[in-house]
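File shown: run-v7.csv (CSV, N, CA, C and O atoms).
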chain,number,residue,atom,x,y,z
A,463,MET,N,-26.7,-79.9,127.7
A,463,MET,CA,-27.1,-78.6,127.3
A,463,MET,C,-28.4,-78.7,126.6
A,463,MET,O,-28.7,-79.8,126.0
A,464,LYS,N,-29.2,-77.7,126.6
A,464,LYS,CA,-30.5,-77.6,125.9
A,464,LYS,C,-30.4,-76.5,124.9
A,464,LYS,O,-29.7,-75.5,125.0
A,465,SER,N,-31.3,-76.6,123.9
A,465,SER,CA,-31.5,-75.5,122.9
A,465,SER,C,-31.8,-74.2,123.7
A,465,SER,O,-32.6,-74.2,124.6
A,466,GLY,N,-31.0,-73.2,123.3
A,466,GLY,CA,-31.2,-71.9,124.0
A,466,GLY,C,-30.2,-71.6,125.1
A,466,GLY,O,-30.1,-70.4,125.5
A,467,ASP,N,-29.5,-72.6,125.6
A,467,ASP,CA,-28.5,-72.3,126.6
A,467,ASP,C,-27.4,-71.4,126.0
A,467,ASP,O,-27.0,-71.7,124.9
A,468,MET,N,-26.9,-70.5,126.8
A,468,MET,CA,-25.8,-69.6,126.3
A,468,MET,C,-24.5,-70.3,126.6
A,468,MET,O,-24.3,-70.8,127.7
A,469,ILE,N,-23.6,-70.4,125.6
A,469,ILE,CA,-22.3,-71.0,125.7
A,469,ILE,C,-21.2,-70.0,125.3
A,469,ILE,O,-21.3,-69.3,124.4
A,470,GLU,N,-20.2,-70.0,126.2
A,470,GLU,CA,-19.0,-69.1,125.9
A,470,GLU,C,-17.8,-70.0,125.6
A,470,GLU,O,-17.5,-70.9,126.4
A,471,LEU,N,-17.2,-69.8,124.4
A,471,LEU,CA,-16.1,-70.6,124.0
A,471,LEU,C,-14.9,-69.6,123.9
A,471,LEU,O,-14.9,-68.6,123.2
A,472,ASP,N,-13.8,-69.9,124.7
A,472,ASP,CA,-12.6,-69.2,124.6
A,472,ASP,C,-11.5,-70.2,124.1
A,472,ASP,O,-11.0,-71.0,124.9
A,473,VAL,N,-11.2,-70.1,122.8
A,473,VAL,CA,-10.3,-71.1,122.2
A,473,VAL,C,-8.9,-70.9,122.7
A,473,VAL,O,-8.2,-71.9,123.1
A,474,ARG,N,-8.4,-69.7,122.8
A,474,ARG,CA,-7.0,-69.5,123.3
A,474,ARG,C,-6.8,-70.0,124.7
A,474,ARG,O,-5.8,-70.6,125.0
A,475,ALA,N,-7.8,-69.8,125.6
A,475,ALA,CA,-7.7,-70.3,127.0
A,475,ALA,C,-8.2,-71.8,127.1
A,475,ALA,O,-8.1,-72.4,128.2
A,476,ARG,N,-8.6,-72.3,126.0
A,476,ARG,CA,-9.1,-73.7,125.9
A,476,ARG,C,-10.2,-73.9,127.0
A,476,ARG,O,-10.2,-74.8,127.8
A,477,ARG,N,-11.2,-73.0,127.0
A,477,ARG,CA,-12.3,-73.0,128.0
A,477,ARG,C,-13.6,-73.0,127.3
A,477,ARG,O,-13.9,-72.2,126.4
A,478,LEU,N,-14.5,-73.8,127.8
A,478,LEU,CA,-15.9,-73.8,127.4
A,478,LEU,C,-16.8,-73.6,128.6
A,478,LEU,O,-16.6,-74.4,129.6
A,479,HIS,N,-17.7,-72.7,128.6
A,479,HIS,CA,-18.5,-72.4,129.7
A,479,HIS,C,-20.0,-72.4,129.3
A,479,HIS,O,-20.3,-71.7,128.3
A,480,VAL,N,-20.8,-73.1,130.0
A,480,VAL,CA,-22.3,-73.1,129.8
A,480,VAL,C,-22.9,-72.2,130.9
A,480,VAL,O,-22.7,-72.5,132.1
A,481,ASP,N,-23.6,-71.2,130.5
A,481,ASP,CA,-24.2,-70.3,131.4
A,481,ASP,C,-25.5,-70.8,131.9
A,481,ASP,O,-26.6,-70.4,131.6
A,482,VAL,N,-25.4,-71.9,132.8
A,482,VAL,CA,-26.6,-72.5,133.4
A,482,VAL,C,-26.2,-72.7,134.9
A,482,VAL,O,-25.0,-73.1,135.2
A,483,SER,N,-27.1,-72.4,135.8
A,483,SER,CA,-26.8,-72.5,137.2
A,483,SER,C,-26.5,-74.0,137.6
A,483,SER,O,-26.9,-74.9,137.0
A,484,ASP,N,-25.7,-74.1,138.7
A,484,ASP,CA,-25.4,-75.5,139.2
A,484,ASP,C,-26.7,-76.2,139.6
A,484,ASP,O,-26.8,-77.4,139.4
A,485,ASP,N,-27.6,-75.5,140.2
A,485,ASP,CA,-28.9,-76.1,140.5
A,485,ASP,C,-29.6,-76.7,139.3
A,485,ASP,O,-30.2,-77.8,139.3
A,486,GLU,N,-29.6,-75.9,138.2
A,486,GLU,CA,-30.3,-76.4,137.0
A,486,GLU,C,-29.6,-77.5,136.4
A,486,GLU,O,-30.2,-78.5,135.9
A,487,LEU,N,-28.2,-77.5,136.4
A,487,LEU,CA,-27.5,-78.6,135.9
A,487,LEU,C,-27.7,-79.9,136.7
A,487,LEU,O,-27.9,-81.0,136.2
A,488,ALA,N,-27.8,-79.8,138.0
A,488,ALA,CA,-28.1,-80.9,138.9
A,488,ALA,C,-29.5,-81.5,138.6
A,488,ALA,O,-29.7,-82.7,138.5
A,489,ARG,N,-30.5,-80.6,138.4
A,489,ARG,CA,-31.8,-81.0,138.0
A,489,ARG,C,-31.8,-81.8,136.7
A,489,ARG,O,-32.4,-82.9,136.6
A,490,ARG,N,-31.1,-81.3,135.7
A,490,ARG,CA,-31.0,-81.9,134.4
A,490,ARG,C,-30.4,-83.3,134.5
A,490,ARG,O,-30.8,-84.2,133.9
A,491,ARG,N,-29.3,-83.4,135.3
A,491,ARG,CA,-28.6,-84.7,135.5
A,491,ARG,C,-29.6,-85.7,136.1
A,491,ARG,O,-29.6,-86.8,135.7
A,492,ALA,N,-30.4,-85.2,137.1
A,492,ALA,CA,-31.3,-86.1,137.8
A,492,ALA,C,-32.4,-86.6,136.8
A,492,ALA,O,-32.9,-87.8,136.9
A,493,ASP,N,-32.8,-85.8,135.9
A,493,ASP,CA,-33.9,-86.1,135.0
A,493,ASP,C,-33.4,-86.9,133.7
A,493,ASP,O,-34.2,-87.5,133.0
A,494,TRP,N,-32.1,-86.9,133.5
A,494,TRP,CA,-31.5,-87.5,132.3
A,494,TRP,C,-31.7,-89.0,132.2
A,494,TRP,O,-31.5,-89.7,133.2
A,495,GLN,N,-32.0,-89.5,131.1
A,495,GLN,CA,-32.1,-90.9,130.8
A,495,GLN,C,-31.3,-91.2,129.6
A,495,GLN,O,-31.4,-90.5,128.6
A,496,ALA,N,-30.5,-92.3,129.6
A,496,ALA,CA,-29.7,-92.7,128.5
A,496,ALA,C,-30.6,-93.1,127.3
A,496,ALA,O,-31.6,-93.8,127.5
A,497,PRO,N,-30.2,-92.7,126.1
A,497,PRO,CA,-31.0,-93.1,125.0
A,497,PRO,C,-30.8,-94.5,124.6
A,497,PRO,O,-29.8,-95.1,125.0
A,498,ASP,N,-31.7,-95.1,124.0
A,498,ASP,CA,-31.6,-96.5,123.5
A,498,ASP,C,-30.4,-96.5,122.5
A,498,ASP,O,-30.3,-95.7,121.6
A,499,MET,N,-29.5,-97.5,122.6
A,499,MET,CA,-28.4,-97.6,121.7
A,499,MET,C,-28.9,-98.3,120.4
A,499,MET,O,-29.6,-99.3,120.5
A,500,PRO,N,-28.4,-97.8,119.3
A,500,PRO,CA,-28.8,-98.4,118.0
A,500,PRO,C,-28.2,-99.8,117.9
A,500,PRO,O,-27.1,-100.1,118.5
A,501,LYS,N,-28.8,-100.7,117.2
A,501,LYS,CA,-28.3,-102.1,117.1
A,501,LYS,C,-27.3,-102.2,115.9
A,501,LYS,O,-26.4,-103.0,115.9
A,502,ARG,N,-27.5,-101.3,114.9
A,502,ARG,CA,-26.6,-101.4,113.8
A,502,ARG,C,-26.7,-100.1,113.0
A,502,ARG,O,-27.4,-99.2,113.4
A,503,GLY,N,-25.9,-100.0,111.9
A,503,GLY,CA,-25.9,-98.8,111.0
A,503,GLY,C,-24.8,-97.8,111.4
A,503,GLY,O,-24.0,-98.1,112.2
A,504,TRP,N,-24.9,-96.7,110.7
A,504,TRP,CA,-23.8,-95.7,110.8
A,504,TRP,C,-23.8,-95.1,112.2
A,504,TRP,O,-22.7,-94.8,112.7
A,505,TYR,N,-24.9,-94.9,112.8
A,505,TYR,CA,-24.9,-94.3,114.2
A,505,TYR,C,-24.3,-95.3,115.1
A,505,TYR,O,-23.5,-94.9,116.0
A,506,ARG,N,-24.5,-96.6,115.0
A,506,ARG,CA,-23.9,-97.6,115.9
A,506,ARG,C,-22.3,-97.5,115.6
A,506,ARG,O,-21.6,-97.6,116.6
A,507,LEU,N,-21.9,-97.5,114.4
A,507,LEU,CA,-20.5,-97.4,114.1
A,507,LEU,C,-19.9,-96.1,114.8
A,507,LEU,O,-18.8,-96.2,115.4
A,508,TYR,N,-20.6,-95.0,114.7
A,508,TYR,CA,-20.1,-93.8,115.3
A,508,TYR,C,-20.0,-94.0,116.8
A,508,TYR,O,-19.0,-93.7,117.4
A,509,VAL,N,-21.0,-94.5,117.5
A,509,VAL,CA,-21.1,-94.7,118.9
A,509,VAL,C,-19.9,-95.6,119.4
A,509,VAL,O,-19.2,-95.4,120.4
A,510,ASP,N,-19.7,-96.7,118.6
A,510,ASP,CA,-18.7,-97.7,119.0
A,510,ASP,C,-17.2,-97.3,118.7
A,510,ASP,O,-16.3,-97.8,119.3
A,511,HIS,N,-17.0,-96.5,117.6
A,511,HIS,CA,-15.7,-96.3,117.1
A,511,HIS,C,-15.1,-94.9,117.0
A,511,HIS,O,-13.9,-94.7,116.8
A,512,VAL,N,-15.9,-93.8,117.2
A,512,VAL,CA,-15.4,-92.5,117.1
A,512,VAL,C,-14.8,-92.1,118.4
A,512,VAL,O,-15.5,-92.2,119.4
A,513,GLN,N,-13.5,-91.7,118.4
A,513,GLN,CA,-12.9,-91.3,119.7
A,513,GLN,C,-13.3,-89.9,120.1
A,513,GLN,O,-13.9,-89.2,119.4
A,514,GLN,N,-13.0,-89.6,121.4
A,514,GLN,CA,-13.3,-88.3,121.9
A,514,GLN,C,-12.5,-87.2,121.3
A,514,GLN,O,-11.5,-87.5,120.7
A,515,ALA,N,-12.9,-86.0,121.4
A,515,ALA,CA,-12.3,-84.9,120.7
A,515,ALA,C,-10.8,-84.7,121.1
A,515,ALA,O,-10.0,-84.4,120.2
A,516,HIS,N,-10.5,-84.9,122.4
A,516,HIS,CA,-9.1,-84.7,122.7
A,516,HIS,C,-8.1,-85.8,122.1
A,516,HIS,O,-6.9,-85.6,122.1
A,517,LEU,N,-8.7,-86.8,121.6
A,517,LEU,CA,-8.0,-87.9,120.9
A,517,LEU,C,-8.0,-87.7,119.3
A,517,LEU,O,-7.5,-88.5,118.6
A,518,GLY,N,-8.7,-86.6,118.9
A,518,GLY,CA,-8.8,-86.3,117.5
A,518,GLY,C,-10.1,-86.6,116.8
A,518,GLY,O,-10.2,-86.4,115.6
A,519,ALA,N,-11.1,-87.2,117.5
A,519,ALA,CA,-12.4,-87.5,117.0
A,519,ALA,C,-12.3,-88.4,115.7
A,519,ALA,O,-13.1,-88.3,114.8
A,520,ASP,N,-11.3,-89.3,115.7
A,520,ASP,CA,-11.1,-90.1,114.6
A,520,ASP,C,-11.7,-91.5,114.9
A,520,ASP,O,-12.0,-91.8,116.0
A,521,LEU,N,-11.8,-92.3,113.9
A,521,LEU,CA,-12.3,-93.7,114.1
A,521,LEU,C,-11.1,-94.5,114.7
A,521,LEU,O,-10.0,-94.5,114.2
A,522,ASP,N,-11.4,-95.2,115.8
A,522,ASP,CA,-10.4,-95.9,116.5
A,522,ASP,C,-9.6,-96.9,115.7
A,522,ASP,O,-8.4,-97.1,115.8
A,523,PHE,N,-10.3,-97.5,114.7
A,523,PHE,CA,-9.6,-98.6,113.9
A,523,PHE,C,-8.8,-98.0,112.8
A,523,PHE,O,-8.1,-98.7,112.1
A,524,LEU,N,-8.7,-96.7,112.6
A,524,LEU,CA,-7.9,-96.0,111.6
A,524,LEU,C,-6.6,-95.5,112.3
A,524,LEU,O,-5.6,-95.1,111.6
A,525,VAL,N,-6.6,-95.4,113.6
A,525,VAL,CA,-5.4,-94.8,114.3
A,525,VAL,C,-4.2,-95.6,114.0
A,525,VAL,O,-4.2,-96.8,114.2
A,526,GLY,N,-3.2,-94.9,113.5
A,526,GLY,CA,-1.9,-95.6,113.2
A,526,GLY,C,-1.9,-96.4,111.9
A,526,GLY,O,-0.9,-97.0,111.6
A,527,GLY,N,-3.0,-96.4,111.2
A,527,GLY,CA,-3.2,-97.3,110.1
A,527,GLY,C,-2.5,-96.7,108.8
A,527,GLY,O,-2.2,-97.5,107.9
A,528,SER,N,-2.4,-95.4,108.7
A,528,SER,CA,-1.8,-94.8,107.5
A,528,SER,C,-0.3,-94.8,107.5
A,528,SER,O,0.3,-94.5,106.4
A,529,GLY,N,0.3,-94.9,108.6
A,529,GLY,CA,1.7,-94.9,108.7
A,529,GLY,C,2.3,-93.5,108.9
A,529,GLY,O,3.4,-93.2,109.0
A,530,ALA,N,1.4,-92.5,108.8
A,530,ALA,CA,1.8,-91.1,108.9
A,530,ALA,C,1.2,-90.5,110.2
A,530,ALA,O,0.0,-90.7,110.5
A,531,ALA,N,2.0,-89.8,110.9
A,531,ALA,CA,1.5,-89.1,112.1
A,531,ALA,C,0.6,-88.0,111.7
A,531,ALA,O,0.8,-87.3,110.7
A,532,VAL,N,-0.5,-87.8,112.5
A,532,VAL,CA,-1.4,-86.7,112.3
A,532,VAL,C,-1.4,-85.8,113.5
A,532,VAL,O,-1.8,-86.2,114.6
A,533,PRO,N,-0.7,-84.6,113.3
A,533,PRO,CA,-0.6,-83.7,114.4
A,533,PRO,C,-2.0,-83.3,114.9
A,533,PRO,O,-2.9,-83.1,114.2
A,534,ARG,N,-2.1,-83.0,116.2
A,534,ARG,CA,-3.3,-82.7,116.9
A,534,ARG,C,-3.9,-81.4,116.2
A,534,ARG,O,-5.1,-81.3,116.1
A,535,ASP,N,-3.1,-80.4,115.9
A,535,ASP,CA,-3.6,-79.1,115.4
A,535,ASP,C,-3.9,-79.2,113.9
A,535,ASP,O,-4.2,-78.1,113.3
A,536,SER,N,-3.9,-80.3,113.3
A,536,SER,CA,-4.2,-80.4,111.8
A,536,SER,C,-5.7,-80.6,111.6
A,536,SER,O,-6.1,-80.6,110.4
A,537,HIS,N,-6.5,-80.7,112.6
A,537,HIS,CA,-7.9,-81.0,112.4
A,537,HIS,C,-8.7,-79.8,112.3
A,537,HIS,O,-8.6,-78.9,113.0
Would you write the structure of this file as structure tokens?
Amino acid sequence: MKSGDMIELDVRARRLHVDVSDDELARRRADWQAPDMPKRGWYRLYVDHVQQAHLGADLDFLVGGSGAAVPRDSH
């Protein structure tokens, strides 16, 4: 996505829609270049250890470490 793109979020339906044409998305994918990965620091920690949203966006090394279950809808 780019700044200015219109985004529709329907939480109840668990749907996210970006109002950009398929042709434009294909062009953006073709032009995209991966950023340089940081060598160290907080950003590197984030890149290496923060899980995806559907897993709770938690640090992977903390999962199961507290002994208490964390329900998905508590975040």
Length of the atom CA of Arg534 of chain A to atom CA of Gly518 of chain A vector [Å]: 6.6 Å
Please provide as a ChimeraX atom specification all residues within 8 Å of Leu517 of chain A, with the sequence filter that same-chain residues fewer than 4 positions apart are discarded (counting all atoms listed in the file). /A:513,521,525,532,534
As a PDB file with N, CA, C and O atoms, in the coordinates of the input, please: all residues of chain A that backbone DSSP puts in strand (DSSP E).
ATOM      1  N   ILE A 469     -23.600 -70.400 125.600  1.00  0.00           N
ATOM      2  CA  ILE A 469     -22.300 -71.000 125.700  1.00  0.00           C
ATOM      3  C   ILE A 469     -21.200 -70.000 125.300  1.00  0.00           C
ATOM      4  O   ILE A 469     -21.300 -69.300 124.400  1.00  0.00           O
ATOM      5  N   GLU A 470     -20.200 -70.000 126.200  1.00  0.00           N
ATOM      6  CA  GLU A 470     -19.000 -69.100 125.900  1.00  0.00           C
ATOM      7  C   GLU A 470     -17.800 -70.000 125.600  1.00  0.00           C
ATOM      8  O   GLU A 470     -17.500 -70.900 126.400  1.00  0.00           O
ATOM      9  N   LEU A 471     -17.200 -69.800 124.400  1.00  0.00           N
ATOM     10  CA  LEU A 471     -16.100 -70.600 124.000  1.00  0.00           C
ATOM     11  C   LEU A 471     -14.900 -69.600 123.900  1.00  0.00           C
ATOM     12  O   LEU A 471     -14.900 -68.600 123.200  1.00  0.00           O
ATOM     13  N   ASP A 472     -13.800 -69.900 124.700  1.00  0.00           N
ATOM     14  CA  ASP A 472     -12.600 -69.200 124.600  1.00  0.00           C
ATOM     15  C   ASP A 472     -11.500 -70.200 124.100  1.00  0.00           C
ATOM     16  O   ASP A 472     -11.000 -71.000 124.900  1.00  0.00           O
ATOM     17  N   ARG A 477     -11.200 -73.000 127.000  1.00  0.00           N
ATOM     18  CA  ARG A 477     -12.300 -73.000 128.000  1.00  0.00           C
ATOM     19  C   ARG A 477     -13.600 -73.000 127.300  1.00  0.00           C
ATOM     20  O   ARG A 477     -13.900 -72.200 126.400  1.00  0.00           O
ATOM     21  N   LEU A 478     -14.500 -73.800 127.800  1.00  0.00           N
ATOM     22  CA  LEU A 478     -15.900 -73.800 127.400  1.00  0.00           C
ATOM     23  C   LEU A 478     -16.800 -73.600 128.600  1.00  0.00           C
ATOM     24  O   LEU A 478     -16.600 -74.400 129.600  1.00  0.00           O
ATOM     25  N   HIS A 479     -17.700 -72.700 128.600  1.00  0.00           N
ATOM     26  CA  HIS A 479     -18.500 -72.400 129.700  1.00  0.00           C
ATOM     27  C   HIS A 479     -20.000 -72.400 129.300  1.00  0.00           C
ATOM     28  O   HIS A 479     -20.300 -71.700 128.300  1.00  0.00           O
ATOM     29  N   VAL A 480     -20.800 -73.100 130.000  1.00  0.00           N
ATOM     30  CA  VAL A 480     -22.300 -73.100 129.800  1.00  0.00           C
ATOM     31  C   VAL A 480     -22.900 -72.200 130.900  1.00  0.00           C
ATOM     32  O   VAL A 480     -22.700 -72.500 132.100  1.00  0.00           O
TER      33      VAL A 480
END
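Going from atom O of Ala475 of chain A to atom N of Gln514 of chain A covers 19.1 Å.
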In chain A, DSSP helix (DSSP H, G or I) residues written as a ChimeraX atom specification: /A:484-493,504-511,515-517,522-524,534-536
Residue subset to file, keeping N, CA, C and O atoms, as an mmCIF file, in the frame of the given file:
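Below is the file that was written, result32.cif:
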data_model
loop_
_atom_site.group_PDB
_atom_site.id
_atom_site.type_symbol
_atom_site.label_atom_id
_atom_site.label_comp_id
_atom_site.auth_asym_id
_atom_site.auth_seq_id
_atom_site.Cartn_x
_atom_site.Cartn_y
_atom_site.Cartn_z
ATOM 1 N N ASP A 484 -25.700 -74.100 138.700
ATOM 2 C CA ASP A 484 -25.400 -75.500 139.200
ATOM 3 C C ASP A 484 -26.700 -76.200 139.600
ATOM 4 O O ASP A 484 -26.800 -77.400 139.400
ATOM 5 N N ASP A 485 -27.600 -75.500 140.200
ATOM 6 C CA ASP A 485 -28.900 -76.100 140.500
ATOM 7 C C ASP A 485 -29.600 -76.700 139.300
ATOM 8 O O ASP A 485 -30.200 -77.800 139.300
ATOM 9 N N GLU A 486 -29.600 -75.900 138.200
ATOM 10 C CA GLU A 486 -30.300 -76.400 137.000
ATOM 11 C C GLU A 486 -29.600 -77.500 136.400
ATOM 12 O O GLU A 486 -30.200 -78.500 135.900
ATOM 13 N N LEU A 487 -28.200 -77.500 136.400
ATOM 14 C CA LEU A 487 -27.500 -78.600 135.900
ATOM 15 C C LEU A 487 -27.700 -79.900 136.700
ATOM 16 O O LEU A 487 -27.900 -81.000 136.200
ATOM 17 N N ALA A 488 -27.800 -79.800 138.000
ATOM 18 C CA ALA A 488 -28.100 -80.900 138.900
ATOM 19 C C ALA A 488 -29.500 -81.500 138.600
ATOM 20 O O ALA A 488 -29.700 -82.700 138.500
ATOM 21 N N ARG A 489 -30.500 -80.600 138.400
ATOM 22 C CA ARG A 489 -31.800 -81.000 138.000
ATOM 23 C C ARG A 489 -31.800 -81.800 136.700
ATOM 24 O O ARG A 489 -32.400 -82.900 136.600
ATOM 25 N N ARG A 490 -31.100 -81.300 135.700
ATOM 26 C CA ARG A 490 -31.000 -81.900 134.400
ATOM 27 C C ARG A 490 -30.400 -83.300 134.500
ATOM 28 O O ARG A 490 -30.800 -84.200 133.900
ATOM 29 N N ARG A 491 -29.300 -83.400 135.300
ATOM 30 C CA ARG A 491 -28.600 -84.700 135.500
ATOM 31 C C ARG A 491 -29.600 -85.700 136.100
ATOM 32 O O ARG A 491 -29.600 -86.800 135.700
ATOM 33 N N ALA A 492 -30.400 -85.200 137.100
ATOM 34 C CA ALA A 492 -31.300 -86.100 137.800
ATOM 35 C C ALA A 492 -32.400 -86.600 136.800
ATOM 36 O O ALA A 492 -32.900 -87.800 136.900
ATOM 37 N N ASP A 493 -32.800 -85.800 135.900
ATOM 38 C CA ASP A 493 -33.900 -86.100 135.000
ATOM 39 C C ASP A 493 -33.400 -86.900 133.700
ATOM 40 O O ASP A 493 -34.200 -87.500 133.000
ATOM 41 N N TRP A 504 -24.900 -96.700 110.700
ATOM 42 C CA TRP A 504 -23.800 -95.700 110.800
ATOM 43 C C TRP A 504 -23.800 -95.100 112.200
ATOM 44 O O TRP A 504 -22.700 -94.800 112.700
ATOM 45 N N TYR A 505 -24.900 -94.900 112.800
ATOM 46 C CA TYR A 505 -24.900 -94.300 114.200
ATOM 47 C C TYR A 505 -24.300 -95.300 115.100
ATOM 48 O O TYR A 505 -23.500 -94.900 116.000
ATOM 49 N N ARG A 506 -24.500 -96.600 115.000
ATOM 50 C CA ARG A 506 -23.900 -97.600 115.900
ATOM 51 C C ARG A 506 -22.300 -97.500 115.600
ATOM 52 O O ARG A 506 -21.600 -97.600 116.600
ATOM 53 N N LEU A 507 -21.900 -97.500 114.400
ATOM 54 C CA LEU A 507 -20.500 -97.400 114.100
ATOM 55 C C LEU A 507 -19.900 -96.100 114.800
ATOM 56 O O LEU A 507 -18.800 -96.200 115.400
ATOM 57 N N TYR A 508 -20.600 -95.000 114.700
ATOM 58 C CA TYR A 508 -20.100 -93.800 115.300
ATOM 59 C C TYR A 508 -20.000 -94.000 116.800
ATOM 60 O O TYR A 508 -19.000 -93.700 117.400
ATOM 61 N N VAL A 509 -21.000 -94.500 117.500
ATOM 62 C CA VAL A 509 -21.100 -94.700 118.900
ATOM 63 C C VAL A 509 -19.900 -95.600 119.400
ATOM 64 O O VAL A 509 -19.200 -95.400 120.400
ATOM 65 N N ASP A 510 -19.700 -96.700 118.600
ATOM 66 C CA ASP A 510 -18.700 -97.700 119.000
ATOM 67 C C ASP A 510 -17.200 -97.300 118.700
ATOM 68 O O ASP A 510 -16.300 -97.800 119.300
ATOM 69 N N HIS A 511 -17.000 -96.500 117.600
ATOM 70 C CA HIS A 511 -15.700 -96.300 117.100
ATOM 71 C C HIS A 511 -15.100 -94.900 117.000
ATOM 72 O O HIS A 511 -13.900 -94.700 116.800
ATOM 73 N N ALA A 515 -12.900 -86.000 121.400
ATOM 74 C CA ALA A 515 -12.300 -84.900 120.700
ATOM 75 C C ALA A 515 -10.800 -84.700 121.100
ATOM 76 O O ALA A 515 -10.000 -84.400 120.200
ATOM 77 N N HIS A 516 -10.500 -84.900 122.400
ATOM 78 C CA HIS A 516 -9.100 -84.700 122.700
ATOM 79 C C HIS A 516 -8.100 -85.800 122.100
ATOM 80 O O HIS A 516 -6.900 -85.600 122.100
ATOM 81 N N LEU A 517 -8.700 -86.800 121.600
ATOM 82 C CA LEU A 517 -8.000 -87.900 120.900
ATOM 83 C C LEU A 517 -8.000 -87.700 119.300
ATOM 84 O O LEU A 517 -7.500 -88.500 118.600
ATOM 85 N N ASP A 522 -11.400 -95.200 115.800
ATOM 86 C CA ASP A 522 -10.400 -95.900 116.500
ATOM 87 C C ASP A 522 -9.600 -96.900 115.700
ATOM 88 O O ASP A 522 -8.400 -97.100 115.800
ATOM 89 N N PHE A 523 -10.300 -97.500 114.700
ATOM 90 C CA PHE A 523 -9.600 -98.600 113.900
ATOM 91 C C PHE A 523 -8.800 -98.000 112.800
ATOM 92 O O PHE A 523 -8.100 -98.700 112.100
ATOM 93 N N LEU A 524 -8.700 -96.700 112.600
ATOM 94 C CA LEU A 524 -7.900 -96.000 111.600
ATOM 95 C C LEU A 524 -6.600 -95.500 112.300
ATOM 96 O O LEU A 524 -5.600 -95.100 111.600
ATOM 97 N N ARG A 534 -2.100 -83.000 116.200
ATOM 98 C CA ARG A 534 -3.300 -82.700 116.900
ATOM 99 C C ARG A 534 -3.900 -81.400 116.200
ATOM 100 O O ARG A 534 -5.100 -81.300 116.100
ATOM 101 N N ASP A 535 -3.100 -80.400 115.900
ATOM 102 C CA ASP A 535 -3.600 -79.100 115.400
ATOM 103 C C ASP A 535 -3.900 -79.200 113.900
ATOM 104 O O ASP A 535 -4.200 -78.100 113.300
ATOM 105 N N SER A 536 -3.900 -80.300 113.300
ATOM 106 C CA SER A 536 -4.200 -80.400 111.800
ATOM 107 C C SER A 536 -5.700 -80.600 111.600
ATOM 108 O O SER A 536 -6.100 -80.600 110.400
#
For segment 463-467 of chain A, find every residue with an atom within 7 Å (counting only N, CA, C and O atoms), except residues of its own chain fewer than 5 positions away, and show them as JSON, numbers by chain. {"A": [480, 481, 482]}
Expected file: the selected residues, N, CA, C and O atoms, as an mmCIF file, in the frame of the given file:
data_model
loop_
_atom_site.group_PDB
_atom_site.id
_atom_site.type_symbol
_atom_site.label_atom_id
_atom_site.label_comp_id
_atom_site.auth_asym_id
_atom_site.auth_seq_id
_atom_site.Cartn_x
_atom_site.Cartn_y
_atom_site.Cartn_z
ATOM 1 N N VAL A 480 -20.800 -73.100 130.000
ATOM 2 C CA VAL A 480 -22.300 -73.100 129.800
ATOM 3 C C VAL A 480 -22.900 -72.200 130.900
ATOM 4 O O VAL A 480 -22.700 -72.500 132.100
ATOM 5 N N ASP A 481 -23.600 -71.200 130.500
ATOM 6 C CA ASP A 481 -24.200 -70.300 131.400
ATOM 7 C C ASP A 481 -25.500 -70.800 131.900
ATOM 8 O O ASP A 481 -26.600 -70.400 131.600
ATOM 9 N N VAL A 482 -25.400 -71.900 132.800
ATOM 10 C CA VAL A 482 -26.600 -72.500 133.400
ATOM 11 C C VAL A 482 -26.200 -72.700 134.900
ATOM 12 O O VAL A 482 -25.000 -73.100 135.200
#
One-decimal distance in Å that lies between atom N of Pro533 of chain A and atom CA of Val512 of chain A: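 Taking atom CA of Val512 of chain A as the start and atom N of Pro533 of chain A as the end point, the length is 17.1 Å.
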